[in-house]
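Enquirer: I'm passing along start-v6.txt; it holds compact mmCIF, N, CA and C atoms.
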# COMPACT_ATOMS: atom_id res chain seq x y z
N GLN T 19 20.94 17.63 -1.84
CA GLN T 19 20.17 17.64 -0.61
C GLN T 19 20.59 16.46 0.26
N VAL T 20 20.88 16.73 1.52
CA VAL T 20 21.33 15.68 2.42
C VAL T 20 20.13 14.87 2.88
N HIS T 21 20.28 13.58 2.86
CA HIS T 21 19.22 12.68 3.30
C HIS T 21 19.82 11.57 4.14
N LEU T 22 19.19 11.30 5.27
CA LEU T 22 19.63 10.23 6.15
C LEU T 22 18.45 9.31 6.43
N ALA T 23 18.73 8.03 6.51
CA ALA T 23 17.68 7.05 6.76
C ALA T 23 18.19 5.98 7.70
N GLU T 24 17.55 5.89 8.88
CA GLU T 24 17.93 4.88 9.86
C GLU T 24 17.16 3.58 9.62
N SER T 25 17.75 2.51 10.12
CA SER T 25 17.08 1.21 10.13
C SER T 25 17.68 0.38 11.25
N GLY T 26 16.98 -0.66 11.64
CA GLY T 26 17.52 -1.60 12.61
C GLY T 26 16.93 -1.54 14.01
N GLY T 27 16.02 -0.62 14.24
CA GLY T 27 15.41 -0.56 15.57
C GLY T 27 14.49 -1.76 15.80
N GLY T 28 14.03 -1.89 17.03
CA GLY T 28 13.13 -2.99 17.35
C GLY T 28 12.95 -3.15 18.84
N SER T 29 12.32 -4.23 19.22
CA SER T 29 12.07 -4.55 20.62
C SER T 29 12.98 -5.70 21.04
N VAL T 30 13.72 -5.50 22.11
CA VAL T 30 14.66 -6.51 22.59
C VAL T 30 14.55 -6.62 24.11
N GLN T 31 15.21 -7.63 24.65
CA GLN T 31 15.27 -7.84 26.09
C GLN T 31 16.53 -7.17 26.65
N ALA T 32 16.47 -6.81 27.91
CA ALA T 32 17.65 -6.27 28.57
C ALA T 32 18.81 -7.26 28.46
N GLY T 33 19.99 -6.73 28.16
CA GLY T 33 21.16 -7.57 27.98
C GLY T 33 21.43 -7.96 26.54
N ASP T 34 20.45 -7.75 25.67
CA ASP T 34 20.61 -8.06 24.24
C ASP T 34 21.46 -7.02 23.54
N ALA T 35 21.83 -7.34 22.30
CA ALA T 35 22.57 -6.42 21.45
C ALA T 35 21.71 -6.05 20.24
N LEU T 36 22.01 -4.90 19.65
CA LEU T 36 21.26 -4.43 18.50
C LEU T 36 22.16 -3.54 17.68
N ARG T 37 22.03 -3.59 16.36
CA ARG T 37 22.78 -2.70 15.49
C ARG T 37 21.81 -1.79 14.74
N LEU T 38 22.06 -0.50 14.83
CA LEU T 38 21.34 0.49 14.04
C LEU T 38 22.21 0.89 12.85
N SER T 39 21.57 1.11 11.72
CA SER T 39 22.27 1.55 10.52
C SER T 39 21.71 2.87 10.06
N CYS T 40 22.55 3.63 9.36
CA CYS T 40 22.12 4.92 8.82
C CYS T 40 22.78 5.10 7.46
N ALA T 41 21.96 5.22 6.44
CA ALA T 41 22.46 5.49 5.09
C ALA T 41 22.42 7.00 4.86
N VAL T 42 23.51 7.54 4.37
CA VAL T 42 23.64 8.99 4.20
C VAL T 42 23.91 9.30 2.73
N THR T 43 23.17 10.23 2.18
CA THR T 43 23.41 10.67 0.81
C THR T 43 23.38 12.19 0.75
N GLY T 44 24.04 12.74 -0.24
CA GLY T 44 23.94 14.16 -0.51
C GLY T 44 24.93 15.05 0.21
N VAL T 45 25.83 14.48 1.01
CA VAL T 45 26.82 15.32 1.70
C VAL T 45 27.92 15.68 0.71
N THR T 46 28.10 16.94 0.45
CA THR T 46 29.08 17.37 -0.54
C THR T 46 30.40 17.80 0.09
N ALA T 47 30.41 18.10 1.36
CA ALA T 47 31.65 18.47 2.04
C ALA T 47 32.61 17.29 2.05
N SER T 48 33.89 17.58 2.11
CA SER T 48 34.90 16.51 2.11
C SER T 48 34.85 15.71 3.39
N GLY T 49 34.31 16.26 4.45
CA GLY T 49 34.18 15.54 5.71
C GLY T 49 33.08 16.16 6.53
N THR T 50 32.53 15.40 7.44
CA THR T 50 31.44 15.89 8.26
C THR T 50 31.40 15.12 9.58
N CYS T 51 30.83 15.74 10.58
CA CYS T 51 30.58 15.01 11.83
C CYS T 51 29.39 14.09 11.60
N MET T 52 29.44 12.92 12.19
CA MET T 52 28.37 11.95 12.07
C MET T 52 28.05 11.45 13.46
N GLY T 53 26.79 11.48 13.82
CA GLY T 53 26.46 11.14 15.19
C GLY T 53 25.11 10.46 15.34
N TRP T 54 24.92 9.89 16.50
CA TRP T 54 23.66 9.28 16.90
C TRP T 54 23.13 10.02 18.12
N PHE T 55 21.87 10.30 18.09
CA PHE T 55 21.18 10.94 19.19
C PHE T 55 19.97 10.08 19.55
N ARG T 56 19.46 10.27 20.75
CA ARG T 56 18.24 9.55 21.10
C ARG T 56 17.35 10.44 21.94
N GLN T 57 16.07 10.14 21.86
CA GLN T 57 15.10 10.84 22.69
C GLN T 57 14.25 9.81 23.39
N SER T 58 14.40 9.76 24.70
CA SER T 58 13.64 8.83 25.51
C SER T 58 12.37 9.53 25.98
N PRO T 59 11.33 8.75 26.32
CA PRO T 59 10.07 9.36 26.75
C PRO T 59 10.26 10.33 27.91
N GLY T 60 9.74 11.53 27.75
CA GLY T 60 9.80 12.52 28.82
C GLY T 60 11.14 13.22 28.96
N LYS T 61 12.07 12.93 28.06
CA LYS T 61 13.40 13.53 28.15
C LYS T 61 13.74 14.30 26.89
N GLU T 62 14.71 15.19 27.01
CA GLU T 62 15.19 15.90 25.83
C GLU T 62 16.07 14.98 24.99
N ARG T 63 16.19 15.33 23.73
CA ARG T 63 17.08 14.59 22.87
C ARG T 63 18.51 14.75 23.37
N GLU T 64 19.30 13.68 23.32
CA GLU T 64 20.67 13.74 23.81
C GLU T 64 21.60 13.06 22.82
N GLY T 65 22.86 13.53 22.81
CA GLY T 65 23.86 12.91 21.98
C GLY T 65 24.32 11.60 22.59
N VAL T 66 24.41 10.56 21.78
CA VAL T 66 24.80 9.24 22.24
C VAL T 66 26.23 8.92 21.83
N ALA T 67 26.55 9.16 20.56
CA ALA T 67 27.89 8.84 20.04
C ALA T 67 28.13 9.66 18.79
N ALA T 68 29.38 10.00 18.55
CA ALA T 68 29.70 10.79 17.37
C ALA T 68 31.16 10.62 17.00
N THR T 69 31.44 10.84 15.73
CA THR T 69 32.81 10.83 15.24
C THR T 69 32.84 11.66 13.97
N HIS T 70 34.01 11.78 13.36
CA HIS T 70 34.14 12.50 12.11
C HIS T 70 34.27 11.48 10.97
N SER T 71 33.75 11.79 9.83
CA SER T 71 33.79 10.86 8.71
C SER T 71 35.22 10.56 8.26
N ASN T 72 36.14 11.44 8.55
CA ASN T 72 37.54 11.23 8.18
C ASN T 72 38.36 10.62 9.31
N GLY T 73 37.70 10.17 10.36
CA GLY T 73 38.40 9.59 11.50
C GLY T 73 38.66 10.63 12.56
N GLY T 74 39.39 10.27 13.57
CA GLY T 74 39.68 11.19 14.66
C GLY T 74 38.95 10.79 15.92
N ALA T 75 38.73 11.77 16.78
CA ALA T 75 38.16 11.50 18.10
C ALA T 75 36.74 10.95 17.98
N THR T 76 36.40 10.07 18.91
CA THR T 76 35.06 9.51 19.01
C THR T 76 34.50 9.90 20.36
N PHE T 77 33.23 10.28 20.40
CA PHE T 77 32.58 10.73 21.63
C PHE T 77 31.43 9.79 21.98
N TYR T 78 31.28 9.53 23.25
CA TYR T 78 30.17 8.72 23.74
C TYR T 78 29.56 9.40 24.95
N GLY T 79 28.25 9.28 25.05
CA GLY T 79 27.59 9.74 26.26
C GLY T 79 28.00 8.87 27.44
N ASP T 80 28.02 9.43 28.62
CA ASP T 80 28.48 8.70 29.80
C ASP T 80 27.68 7.42 30.03
N SER T 81 26.40 7.44 29.74
CA SER T 81 25.56 6.28 30.03
C SER T 81 25.77 5.12 29.07
N VAL T 82 26.47 5.36 27.95
CA VAL T 82 26.64 4.29 26.96
C VAL T 82 28.09 3.89 26.76
N LYS T 83 29.01 4.57 27.42
CA LYS T 83 30.43 4.26 27.26
C LYS T 83 30.69 2.80 27.63
N GLY T 84 31.43 2.13 26.77
CA GLY T 84 31.77 0.73 27.01
C GLY T 84 30.73 -0.24 26.51
N ARG T 85 29.55 0.27 26.11
CA ARG T 85 28.48 -0.61 25.62
C ARG T 85 28.12 -0.33 24.16
N PHE T 86 28.25 0.93 23.74
CA PHE T 86 27.89 1.32 22.38
C PHE T 86 29.16 1.64 21.59
N THR T 87 29.10 1.37 20.28
CA THR T 87 30.22 1.70 19.39
C THR T 87 29.67 2.31 18.11
N ILE T 88 30.21 3.45 17.72
CA ILE T 88 29.83 4.08 16.46
C ILE T 88 30.86 3.69 15.41
N LEU T 89 30.37 3.35 14.23
CA LEU T 89 31.23 2.97 13.11
C LEU T 89 30.81 3.76 11.88
N VAL T 90 31.81 4.17 11.09
CA VAL T 90 31.54 4.85 9.83
C VAL T 90 32.15 4.02 8.71
N GLU T 91 31.40 3.84 7.67
CA GLU T 91 31.83 3.00 6.55
C GLU T 91 31.76 3.80 5.26
N ASN T 92 32.68 3.50 4.36
CA ASN T 92 32.69 4.17 3.05
C ASN T 92 32.72 5.69 3.19
N GLY T 93 33.60 6.17 4.06
CA GLY T 93 33.68 7.62 4.25
C GLY T 93 32.46 8.09 5.01
N LYS T 94 31.57 8.79 4.33
CA LYS T 94 30.42 9.36 5.03
C LYS T 94 29.10 8.78 4.49
N ASP T 95 29.14 7.63 3.83
CA ASP T 95 27.93 7.09 3.23
C ASP T 95 27.10 6.24 4.18
N LYS T 96 27.72 5.69 5.19
CA LYS T 96 27.02 4.77 6.07
C LYS T 96 27.60 4.87 7.47
N MET T 97 26.74 4.85 8.45
CA MET T 97 27.22 4.76 9.82
C MET T 97 26.35 3.77 10.59
N TYR T 98 26.94 3.23 11.63
CA TYR T 98 26.27 2.22 12.45
C TYR T 98 26.40 2.59 13.91
N LEU T 99 25.48 2.08 14.68
CA LEU T 99 25.60 2.15 16.13
C LEU T 99 25.41 0.74 16.66
N ASP T 100 26.50 0.14 17.11
CA ASP T 100 26.43 -1.18 17.73
C ASP T 100 26.14 -0.99 19.21
N MET T 101 25.04 -1.54 19.65
CA MET T 101 24.61 -1.39 21.04
C MET T 101 24.65 -2.76 21.72
N ASP T 102 25.37 -2.83 22.81
CA ASP T 102 25.54 -4.10 23.53
C ASP T 102 25.03 -3.92 24.95
N ARG T 103 24.68 -5.03 25.58
CA ARG T 103 24.20 -5.03 26.98
C ARG T 103 23.16 -3.93 27.18
N LEU T 104 22.14 -3.97 26.36
CA LEU T 104 21.11 -2.94 26.40
C LEU T 104 20.36 -2.96 27.72
N LYS T 105 19.94 -1.77 28.13
CA LYS T 105 19.19 -1.59 29.37
C LYS T 105 17.84 -0.95 29.04
N PRO T 106 16.86 -1.12 29.90
CA PRO T 106 15.56 -0.48 29.64
C PRO T 106 15.68 1.04 29.45
N GLU T 107 16.61 1.67 30.14
CA GLU T 107 16.78 3.12 30.00
C GLU T 107 17.40 3.53 28.67
N ASP T 108 17.82 2.55 27.85
CA ASP T 108 18.28 2.86 26.50
C ASP T 108 17.13 3.00 25.52
N SER T 109 15.93 2.72 25.96
CA SER T 109 14.76 2.81 25.09
C SER T 109 14.53 4.24 24.63
N GLY T 110 14.06 4.37 23.39
CA GLY T 110 13.77 5.69 22.86
C GLY T 110 13.83 5.66 21.34
N VAL T 111 13.69 6.84 20.77
CA VAL T 111 13.83 6.99 19.33
C VAL T 111 15.25 7.44 19.03
N TYR T 112 15.91 6.70 18.18
CA TYR T 112 17.31 6.98 17.84
C TYR T 112 17.37 7.67 16.48
N TYR T 113 18.11 8.75 16.43
CA TYR T 113 18.26 9.54 15.21
C TYR T 113 19.74 9.59 14.81
N CYS T 114 20.01 9.43 13.53
CA CYS T 114 21.35 9.70 13.05
C CYS T 114 21.37 11.11 12.47
N ALA T 115 22.53 11.72 12.48
CA ALA T 115 22.65 13.10 12.03
C ALA T 115 24.03 13.36 11.48
N THR T 116 24.10 14.31 10.57
CA THR T 116 25.37 14.86 10.14
C THR T 116 25.36 16.35 10.46
N TYR T 117 26.50 16.88 10.82
CA TYR T 117 26.57 18.27 11.22
C TYR T 117 28.02 18.73 11.12
N GLY T 118 28.21 20.05 11.12
CA GLY T 118 29.55 20.58 11.01
C GLY T 118 30.27 20.57 12.34
N MET T 119 31.60 20.64 12.28
CA MET T 119 32.39 20.72 13.50
C MET T 119 32.14 22.06 14.18
N PHE T 120 32.29 22.09 15.48
CA PHE T 120 32.17 23.31 16.26
C PHE T 120 33.45 23.48 17.05
N PHE T 121 34.20 24.52 16.71
CA PHE T 121 35.51 24.72 17.32
C PHE T 121 36.35 23.44 17.23
N GLY T 122 36.32 22.83 16.08
CA GLY T 122 37.16 21.68 15.81
C GLY T 122 36.71 20.39 16.45
N SER T 123 35.50 20.33 16.96
CA SER T 123 35.03 19.14 17.66
C SER T 123 33.71 18.63 17.08
N CYS T 124 33.53 17.32 17.14
CA CYS T 124 32.27 16.70 16.75
C CYS T 124 31.45 16.28 17.96
N ARG T 125 31.78 16.80 19.12
CA ARG T 125 31.05 16.42 20.32
C ARG T 125 29.55 16.58 20.07
N PRO T 126 28.75 15.54 20.35
CA PRO T 126 27.33 15.56 19.97
C PRO T 126 26.45 16.33 20.95
N ALA T 127 26.57 17.64 20.92
CA ALA T 127 25.70 18.46 21.75
C ALA T 127 24.31 18.54 21.13
N TYR T 128 23.31 18.74 21.98
CA TYR T 128 21.97 18.98 21.46
C TYR T 128 21.39 20.21 22.14
N PRO T 129 20.90 21.18 21.35
CA PRO T 129 20.88 21.14 19.90
C PRO T 129 22.28 21.30 19.32
N PRO T 130 22.53 20.79 18.14
CA PRO T 130 23.87 20.91 17.56
C PRO T 130 24.25 22.38 17.38
N ARG T 131 25.54 22.66 17.49
CA ARG T 131 26.03 24.02 17.42
C ARG T 131 26.22 24.48 15.98
N SER T 132 26.02 23.61 15.01
CA SER T 132 26.12 23.96 13.60
C SER T 132 24.95 23.31 12.86
N GLN T 133 24.81 23.66 11.60
CA GLN T 133 23.68 23.12 10.84
C GLN T 133 23.71 21.60 10.83
N ALA T 134 22.58 20.98 11.11
CA ALA T 134 22.50 19.54 11.19
C ALA T 134 21.41 19.02 10.27
N TYR T 135 21.62 17.80 9.82
CA TYR T 135 20.63 17.10 9.02
C TYR T 135 20.29 15.81 9.77
N TRP T 136 19.01 15.45 9.78
CA TRP T 136 18.52 14.37 10.62
C TRP T 136 17.80 13.30 9.81
N GLY T 137 17.90 12.07 10.30
CA GLY T 137 17.04 11.03 9.79
C GLY T 137 15.69 11.10 10.47
N GLN T 138 14.81 10.18 10.10
CA GLN T 138 13.44 10.22 10.62
C GLN T 138 13.32 9.54 11.97
N GLY T 139 14.34 8.81 12.38
CA GLY T 139 14.34 8.15 13.68
C GLY T 139 13.90 6.70 13.57
N THR T 140 14.43 5.90 14.47
CA THR T 140 14.04 4.49 14.57
C THR T 140 13.85 4.15 16.04
N GLN T 141 12.80 3.43 16.35
CA GLN T 141 12.42 3.15 17.73
C GLN T 141 13.18 1.94 18.27
N VAL T 142 13.69 2.10 19.47
CA VAL T 142 14.32 0.99 20.21
C VAL T 142 13.58 0.84 21.53
N ALA T 143 13.11 -0.36 21.81
CA ALA T 143 12.41 -0.64 23.06
C ALA T 143 13.12 -1.80 23.75
N VAL T 144 13.58 -1.56 24.96
CA VAL T 144 14.28 -2.58 25.73
C VAL T 144 13.44 -2.92 26.95
N SER T 145 13.03 -4.16 27.06
CA SER T 145 12.20 -4.58 28.19
C SER T 145 13.05 -5.33 29.20
N SER T 146 12.65 -5.21 30.44
CA SER T 146 13.42 -5.85 31.52
C SER T 146 13.01 -7.29 31.72
Output the file's structure in the form of structure tokens.

Expert:
Amino acid sequence: QVHLAESGGGSVQAGDALRLSCAVTGVTASGTCMGWFRQSPGKEREGVAATHSNGGATFYGDSVKGRFTILVENGKDKMYLDMDRLKPEDSGVYYCATYGMFFGSCRPAYPPRSQAYWGQGTQVAVSS
């Protein structure tokens, strides 16, 4: 059974940095897409960053390009989201997920185009 658990959320000031972590267990496939999504108040959940556990293309949402970095460690056991120069609009609940490729891509669409497994979410609050 696939299980994901996020950690590292919190309350920070605009311009600060924060690292989110996600521990992943139970993935039996040789590789999987790994991504971060967020849901801000009053908005739909959106893909923030994604990559494949075996390497390859990395995807970022337009609003976070150049500020956020997704990292995968130990294959598919751990992933991180390094967030820099945070803005109040980055506030929300952040979810890590694993999901299958769709037409050879890990682009983080929501809802995912293939079966996905989710963590419980971690809250990030950025104040101005």

Enquirer: Determine which residues of stretch 31-101 of chain T DSSP labels as strand (DSSP E or B) from the backbone of this structure, then write them out as a PyMOL selection string.

Expert: chain T and resi 31+36-43+51-57+64-70+77-78+86-91+96-101

Enquirer: I'd like the neighbourhood of stretch 138-145 of chain T as a PyMOL selection string, where a residue qualifies if any of its atoms comes within 8 Å (using only C-alpha atoms), though same-chain residues fewer than 3 positions away should be ignored.

Expert: chain T and resi 22-32+104-114

Enquirer: Would you mind telling me which residue in T:Arg37, T:Lys83, T:Lys61, T:Arg131 lies nearest to T:Met101 when using all atoms listed in the file?

Expert: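 Nearest candidate to T:Met101 out of T:Arg37, T:Lys83, T:Lys61, T:Arg131: T:Arg37.
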
Enquirer: Show me the residues close to (23.3, 18.6, 24.4) - anything with an atom within 9 Å, counting only C-alpha atoms - and format the list as a PDB file with N, CA and C atoms, in the frame of the given file.

Expert:
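Saved result, part-v1.pdb, follows:
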ATOM      1  N   GLU T  62      14.710  15.190  27.010  1.00  0.00           N
ATOM      2  CA  GLU T  62      15.190  15.900  25.830  1.00  0.00           C
ATOM      3  C   GLU T  62      16.070  14.980  24.990  1.00  0.00           C
ATOM      4  N   ARG T  63      16.190  15.330  23.730  1.00  0.00           N
ATOM      5  CA  ARG T  63      17.080  14.590  22.870  1.00  0.00           C
ATOM      6  C   ARG T  63      18.510  14.750  23.370  1.00  0.00           C
ATOM      7  N   GLU T  64      19.300  13.680  23.320  1.00  0.00           N
ATOM      8  CA  GLU T  64      20.670  13.740  23.810  1.00  0.00           C
ATOM      9  C   GLU T  64      21.600  13.060  22.820  1.00  0.00           C
ATOM     10  N   GLY T  65      22.860  13.530  22.810  1.00  0.00           N
ATOM     11  CA  GLY T  65      23.860  12.910  21.980  1.00  0.00           C
ATOM     12  C   GLY T  65      24.320  11.600  22.590  1.00  0.00           C
ATOM     13  N   PRO T 126      28.750  15.540  20.350  1.00  0.00           N
ATOM     14  CA  PRO T 126      27.330  15.560  19.970  1.00  0.00           C
ATOM     15  C   PRO T 126      26.450  16.330  20.950  1.00  0.00           C
ATOM     16  N   ALA T 127      26.570  17.640  20.920  1.00  0.00           N
ATOM     17  CA  ALA T 127      25.700  18.460  21.750  1.00  0.00           C
ATOM     18  C   ALA T 127      24.310  18.540  21.130  1.00  0.00           C
ATOM     19  N   TYR T 128      23.310  18.740  21.980  1.00  0.00           N
ATOM     20  CA  TYR T 128      21.970  18.980  21.460  1.00  0.00           C
ATOM     21  C   TYR T 128      21.390  20.210  22.140  1.00  0.00           C
ATOM     22  N   PRO T 129      20.900  21.180  21.350  1.00  0.00           N
ATOM     23  CA  PRO T 129      20.880  21.140  19.900  1.00  0.00           C
ATOM     24  C   PRO T 129      22.280  21.300  19.320  1.00  0.00           C
ATOM     25  N   PRO T 130      22.530  20.790  18.140  1.00  0.00           N
ATOM     26  CA  PRO T 130      23.870  20.910  17.560  1.00  0.00           C
ATOM     27  C   PRO T 130      24.250  22.380  17.380  1.00  0.00           C
TER      28      PRO T 130
END

Enquirer: Please indicate the distance in Å from atom C of T:Ser71 to atom C of T:Ser132, rounded to one decimal place.

Expert: 17.0 Å

Enquirer: Of the candidates T:Leu89, T:Gln57, T:Gly74, T:Asp95, which shows the shortest atom-to-atom distance to T:Gly44, using all atoms listed in the file?

Expert: T:Asp95

Enquirer: Using only N, CA and C atoms, which residues sit within 8 Å of T:Asp102 once same-chain residues fewer than 4 positions away are excluded, as a PyMOL selection string?

Expert: chain T and resi 32-37+84-87

Enquirer: What's the 6 Å shell around T:Ala115, counting all atoms listed in the file, without same-chain residues fewer than 5 positions away, as a PyMOL selection string?

Expert: chain T and resi 51-55+135-137

Enquirer: Find the distance between atom CA of T:Thr69 and atom N of T:Asn92 and write it in Å to one decimal.

Expert: 13.1 Å

Enquirer: Considering only C-alpha atoms, can you say which of T:Cys124, T:Leu99, T:Cys40, T:Ala134 comes closest to T:Gly73?

Expert: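 Closest to T:Gly73, using only C-alpha atoms: T:Cys124.
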
Enquirer: Could you check which of T:Gly93, T:Pro59, T:Gly79, T:Gly122 is closest to T:Ala47, using only C-alpha atoms?

Expert: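 Using only C-alpha atoms, T:Ala47 sits closest to T:Gly93.
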
Enquirer: Please fill the gaps in stretch 43-52 of chain T so it has all heavy atoms, and write that as an mmCIF file, in the coordinates of the input.

Expert:
data_model
loop_
_atom_site.group_PDB
_atom_site.id
_atom_site.type_symbol
_atom_site.label_atom_id
_atom_site.label_comp_id
_atom_site.auth_asym_id
_atom_site.auth_seq_id
_atom_site.Cartn_x
_atom_site.Cartn_y
_atom_site.Cartn_z
ATOM 1 N N THR T 43 23.170 10.230 2.180
ATOM 2 C CA THR T 43 23.410 10.670 0.810
ATOM 3 C C THR T 43 23.380 12.190 0.750
ATOM 4 O O THR T 43 22.783 12.844 1.600
ATOM 5 C CB THR T 43 22.355 10.114 -0.169
ATOM 6 O OG1 THR T 43 21.061 10.534 0.259
ATOM 7 C CG2 THR T 43 22.395 8.591 -0.221
ATOM 8 N N GLY T 44 24.040 12.740 -0.240
ATOM 9 C CA GLY T 44 23.940 14.160 -0.510
ATOM 10 C C GLY T 44 24.930 15.050 0.210
ATOM 11 O O GLY T 44 24.881 16.276 0.038
ATOM 12 N N VAL T 45 25.830 14.480 1.010
ATOM 13 C CA VAL T 45 26.820 15.320 1.700
ATOM 14 C C VAL T 45 27.920 15.680 0.710
ATOM 15 O O VAL T 45 28.595 14.799 0.185
ATOM 16 C CB VAL T 45 27.411 14.597 2.919
ATOM 17 C CG1 VAL T 45 28.522 15.448 3.540
ATOM 18 C CG2 VAL T 45 26.337 14.325 3.946
ATOM 19 N N THR T 46 28.100 16.940 0.450
ATOM 20 C CA THR T 46 29.080 17.370 -0.540
ATOM 21 C C THR T 46 30.400 17.800 0.090
ATOM 22 O O THR T 46 31.414 17.871 -0.598
ATOM 23 C CB THR T 46 28.525 18.531 -1.381
ATOM 24 O OG1 THR T 46 28.157 19.603 -0.503
ATOM 25 C CG2 THR T 46 27.290 18.084 -2.156
ATOM 26 N N ALA T 47 30.410 18.100 1.360
ATOM 27 C CA ALA T 47 31.650 18.470 2.040
ATOM 28 C C ALA T 47 32.610 17.290 2.050
ATOM 29 O O ALA T 47 32.186 16.136 2.030
ATOM 30 C CB ALA T 47 31.353 18.921 3.466
ATOM 31 N N SER T 48 33.890 17.580 2.110
ATOM 32 C CA SER T 48 34.900 16.510 2.110
ATOM 33 C C SER T 48 34.850 15.710 3.390
ATOM 34 O O SER T 48 35.327 14.575 3.443
ATOM 35 C CB SER T 48 36.294 17.094 1.915
ATOM 36 O OG SER T 48 36.578 18.023 2.950
ATOM 37 N N GLY T 49 34.310 16.260 4.450
ATOM 38 C CA GLY T 49 34.180 15.540 5.710
ATOM 39 C C GLY T 49 33.080 16.160 6.530
ATOM 40 O O GLY T 49 32.726 17.334 6.360
ATOM 41 N N THR T 50 32.530 15.400 7.440
ATOM 42 C CA THR T 50 31.440 15.890 8.260
ATOM 43 C C THR T 50 31.400 15.120 9.580
ATOM 44 O O THR T 50 31.867 13.980 9.649
ATOM 45 C CB THR T 50 30.097 15.738 7.523
ATOM 46 O OG1 THR T 50 29.054 16.316 8.302
ATOM 47 C CG2 THR T 50 29.755 14.272 7.264
ATOM 48 N N CYS T 51 30.830 15.740 10.580
ATOM 49 C CA CYS T 51 30.580 15.010 11.830
ATOM 50 C C CYS T 51 29.390 14.090 11.600
ATOM 51 O O CYS T 51 28.423 14.457 10.904
ATOM 52 C CB CYS T 51 30.259 15.983 12.957
ATOM 53 S SG CYS T 51 31.620 17.073 13.404
ATOM 54 N N MET T 52 29.440 12.920 12.190
ATOM 55 C CA MET T 52 28.370 11.950 12.070
ATOM 56 C C MET T 52 28.050 11.450 13.460
ATOM 57 O O MET T 52 28.954 11.057 14.203
ATOM 58 C CB MET T 52 28.802 10.792 11.155
ATOM 59 C CG MET T 52 29.260 11.273 9.788
ATOM 60 S SD MET T 52 29.805 9.959 8.699
ATOM 61 C CE MET T 52 28.228 9.280 8.186
#
